[in-house]
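Trainee: Below is a structure I'd like to ask you about.
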Amino acid sequence: MAPKLTPENDPRATLRGGLPDRYLTPEDIAALLSVPLETVYAWRKKRTGPPGFRIGKHLRYDPGAVHDWITTLTETARTAA
């Protein structure tokens, strides 16, 4: 279960122009999309989620790539409708 979000730890609070000022963690992705953390890891395993990369043992996501992934999903949904 994701931790309770407060203004101090809410990744959405850092949004400027729709994009955070830093690379996102899996926990940030889960909070931004209101999905369980396990879902983020399942997307990564299936290669269906936003593209991530490793810095050592740490998984990170580029905010721009996450935005592009979400845009692709919404455009695909509109086209299918």
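Residue numbers start at 1 in each chain; chains themselves are named A, B, ... in the order of the structure tokens; ligands are numbered from 1 in the order shown.
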Using only C-alpha atoms, which protein or nucleic acid residues come within 6 Å of Leu24 (chain A)? Drop anything in the same chain fewer than 3 positions from it, and give the result as a ChimeraX atom specification.
Mentor: /A:28,60-61
Trainee: How many Å separate CA of Gly64 (chain A) from CA of Ala80 (chain A)?
Mentor: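 Separation of CA of Gly64 (chain A) and CA of Ala80 (chain A): 24.3 Å.
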Trainee: Can you tell me which residues surround region 38-50 of chain A at a distance of at most 12 Å, considering only C-alpha atoms, apart from same-chain residues fewer than 6 positions away, and format the answer as a list in words?
Mentor: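 Answer for this query is Met1, Ala2, Leu24, Thr25, Pro26, Glu27, Asp28, Ile29, Ala30, Ala31, Leu32, Leu59, Arg60, Tyr61, Asp62, Pro63, Gly64, Ala65, Val66, His67, Asp68, Trp69, Ile70, Thr71, Thr72 and Leu73 of chain A.
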